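Colleague: Once you've had a glance at the structure underneath, I'll fire off some questions.
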Amino acid sequence: MLANRLIILMSVFSCLFSSAFAAEGWPSFRGPNGDGVVGKSLPVEWKTDKNIAWRTEIPGEGWSSPVTAGNRIYLTAAIPSDEGDEDQKNQQYTLSLIIVDASSGDRLATIPIMEQTGERPARIHRKNSHASPTPVIEGERIYVHFGYQGTACLSLTGDVLWKNRDLYFKPTHGNGGSPVLAAGNLIFTCDGDAEPKIVALNAANGQLAWSTARPVSAKKTFSFCTPAVIEVNGQIQVIAPGSDCVLALDPATGETIWDVRYEGYSVVPKPIYHRGLVFISTSFDNSKMLAIRPNGKGVVTETHVAWQLDRNVPKTPSMIAHDGLVYSISDDGIATCVEAETGDLIYRKRIGGNYSASPLLAGNKLYFTSEDGVTTVVRAGEDFEEVGSNALEERTLASLGVIGDSILLRTVTALYRIQD
């Protein structure tokens, strides 16, 4: 009996230790919980010669966010090959994984994963990259996704375990949303020029697990949204917005749980879940924020939309929620705070600049990073108070990452570790 108790205690300790270790990492787009919220204090002041632990040049192109495991930082990049030319239509790329030492900033490895050739068109939107989706780390594996180009799984040391390039579809504007893990599946959206859908690959071997078509006939089918994984009444749901609809899916089967319709396309912001409501943006052309009760069945547009907001709603940056408030930054730099349960406006303030990156909330401070590389720090709460404005004078569209008590910021040419 004593031996059994020791085994149980060791198992409990192991689980707690693993959870604590995982909590310290930044394993996916928008962090451990996929919502951009972390319960720690981070630097609020920096510039090129202050509070910069290191700056490392990153080859190629890419707007994927950095992810971390242990003392390693991982990010993807599309590295131009010698073949082709400067015209995006003809340029060829090696889609790669880059590993960086978190302490020194040294690039430890650049691992080629797949070739992007003229057989698969490379033309993209000027605000996109050929490596925009953020990787996902689970255990000793990292999953990298290049949208319509393909998906792969590697060990954390860089060994390729599987690849899947069978889901090619004709894109609009290039790669888009990041994948998520749920029920043993790697799940992502395939919202291209035609036949938009959500698909799941078996995370163990990369084989197709299921595919769910969008149930609407949108005029503009393309979208770029990263799904969210939530739990409602003991049931896991994958929330996947796209053009003209958001679907809640069973991650194991792909079956639709509920469905809300709207008018919108080129949907980018990742959904968030707070105080029993799912919050989405309908993106272009006239963006609306919808608050949806996720306990319905079937098409619930008329019954489960709790409220909507139709002014200064972001088309690209994701929203963020904490302590009953929902914060957002519009693409043209207007910060908004509303009550989560009612949608009542708390404040609306112009920060300035243009925004694509999703915000971060650390401790009681919000971080909004503009496309010009200026990060404005605002105190969380009902009273708007700016506590810092930090410029690195380099363009960025990538969302911030976190490692320990440091911020990871990717620019057009480099990765920064920002640390007090």
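Every chain in the structure tokens takes a letter, A first, then B, and so on in the order presented; its residues are numbered from 1, and the ligands are numbered from 1 following the presented order.
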Report as a list in words all protein, DNA and RNA residues lying within 9 Å of His322 of chain A, evaluated on only C-alpha atoms, omitting residues in the same chain fewer than 5 positions from it.

Modeller: Val37, His274, Tyr327, Ala340, Leu361, Ala380 and Gly381 of chain A

Colleague: Grab the residues selected above and save them as a compact mmCIF listing (two decimals), in the first residue's frame with C-alpha atoms.

Modeller:
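Result went into part-v3.txt, see below:
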# COMPACT_ATOMS: atom_id res chain seq x y z
CA VAL A 37 -3.10 36.43 -21.62
CA HIS A 274 -14.64 34.70 -21.74
CA TYR A 327 -10.12 44.88 -25.31
CA ALA A 340 -17.91 41.29 -21.90
CA LEU A 361 -1.99 41.11 -21.76
CA ALA A 380 -5.70 47.14 -18.02
CA GLY A 381 -8.98 48.20 -16.44

Colleague: If you run DSSP on the backbone here, which positions in segment 309-390 of chain A get strand (DSSP E or B)? Please write them as a PyMOL selection string.

Modeller: chain A and resi 309+320-322+325-329+334-339+345-350+360-362+365-369+374-379+386-390

Colleague: Find the spatial neighbours of Gly192 of chain A, counting only C-alpha atoms, within a cut-off of 8 Å - ignore same-chain residues fewer than 5 positions away - and output them as a PyMOL selection string.

Modeller: chain A and resi 169-172+221-223

Colleague: Take the residues that were just selected and, keeping N, CA and C atoms, output them as a PDB file, in the first residue's frame.

Modeller:
ATOM      1  N   PHE A 169      -4.787  23.867 -52.143  1.00  0.00           N
ATOM      2  CA  PHE A 169      -5.940  24.540 -52.709  1.00  0.00           C
ATOM      3  C   PHE A 169      -5.477  25.885 -53.249  1.00  0.00           C
ATOM      4  N   LYS A 170      -6.206  26.435 -54.195  1.00  0.00           N
ATOM      5  CA  LYS A 170      -5.834  27.716 -54.767  1.00  0.00           C
ATOM      6  C   LYS A 170      -6.099  28.812 -53.742  1.00  0.00           C
ATOM      7  N   PRO A 171      -5.065  29.544 -53.339  1.00  0.00           N
ATOM      8  CA  PRO A 171      -5.242  30.533 -52.289  1.00  0.00           C
ATOM      9  C   PRO A 171      -5.608  31.907 -52.845  1.00  0.00           C
ATOM     10  N   THR A 172      -6.029  32.770 -51.956  1.00  0.00           N
ATOM     11  CA  THR A 172      -6.123  34.200 -52.230  1.00  0.00           C
ATOM     12  C   THR A 172      -5.234  34.912 -51.225  1.00  0.00           C
ATOM     13  N   THR A 221     -14.850  33.799 -50.693  1.00  0.00           N
ATOM     14  CA  THR A 221     -14.697  32.624 -49.833  1.00  0.00           C
ATOM     15  C   THR A 221     -13.430  32.636 -48.981  1.00  0.00           C
ATOM     16  N   PHE A 222     -12.477  33.540 -49.278  1.00  0.00           N
ATOM     17  CA  PHE A 222     -11.178  33.451 -48.621  1.00  0.00           C
ATOM     18  C   PHE A 222     -11.193  34.078 -47.222  1.00  0.00           C
ATOM     19  N   SER A 223     -10.567  33.385 -46.286  1.00  0.00           N
ATOM     20  CA  SER A 223     -10.370  33.858 -44.913  1.00  0.00           C
ATOM     21  C   SER A 223      -9.092  33.239 -44.366  1.00  0.00           C
TER      22      SER A 223
END

Colleague: What are the nearest atom pairs, with distances in Å to one decimal, for all residues of segment 309-389 of chain A that come at most 12 Å from segment 402-415 of chain A, using only C-alpha atoms, set out by chain and rising residue number as JSON lines?

Modeller:
{"residue": "A:Ala357", "atom": "CA", "partner": "A:Arg410", "partner_atom": "CA", "distance": 10.5}
{"residue": "A:Leu360", "atom": "CA", "partner": "A:Val402", "partner_atom": "CA", "distance": 9.5}
{"residue": "A:Leu361", "atom": "CA", "partner": "A:Val402", "partner_atom": "CA", "distance": 10.8}
{"residue": "A:Ala362", "atom": "CA", "partner": "A:Val402", "partner_atom": "CA", "distance": 9.5}
{"residue": "A:Gly363", "atom": "CA", "partner": "A:Asp405", "partner_atom": "CA", "distance": 11.1}
{"residue": "A:Tyr367", "atom": "CA", "partner": "A:Ile407", "partner_atom": "CA", "distance": 10.4}
{"residue": "A:Phe368", "atom": "CA", "partner": "A:Leu409", "partner_atom": "CA", "distance": 11.8}
{"residue": "A:Thr369", "atom": "CA", "partner": "A:Leu409", "partner_atom": "CA", "distance": 9.3}
{"residue": "A:Ser370", "atom": "CA", "partner": "A:Thr411", "partner_atom": "CA", "distance": 11.0}
{"residue": "A:Glu371", "atom": "CA", "partner": "A:Thr411", "partner_atom": "CA", "distance": 9.2}
{"residue": "A:Asp372", "atom": "CA", "partner": "A:Thr411", "partner_atom": "CA", "distance": 9.3}
{"residue": "A:Gly373", "atom": "CA", "partner": "A:Thr411", "partner_atom": "CA", "distance": 7.4}
{"residue": "A:Val374", "atom": "CA", "partner": "A:Leu409", "partner_atom": "CA", "distance": 10.8}
{"residue": "A:Thr375", "atom": "CA", "partner": "A:Leu409", "partner_atom": "CA", "distance": 9.9}

Colleague: With only C-alpha atoms as the basis for distance, which of A:Asn51, A:Gln419, A:Ser389, A:Asn354 is at the shortest distance from Ser103 of chain A?

Modeller: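 Ranking A:Asn51, A:Gln419, A:Ser389, A:Asn354 by distance to Ser103 of chain A, first place goes to A:Gln419.
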
Colleague: Name all residues at most 8 Å from Ile142 of chain A (count only C-alpha atoms; drop same-chain ones fewer than 2 positions away) and give them as a PyMOL selection string.

Modeller: chain A and resi 135-138+140+144+153-156

Colleague: Would you tabulate, counting only C-alpha atoms, all residues of segment 314-334 of chain A that have an atom at most 8 Å from an atom of segment 282-296 of chain A, showing the closest pair of atoms and their distance in Å to one decimal, sorted by chain then ascending number, as a tab-separated table?

Modeller:
residue	atom	partner	partner_atom	distance
A:Pro314	CA	A:Ser283	CA	6.9
A:Lys315	CA	A:Ser283	CA	4.1
A:Thr316	CA	A:Ser283	CA	7.1
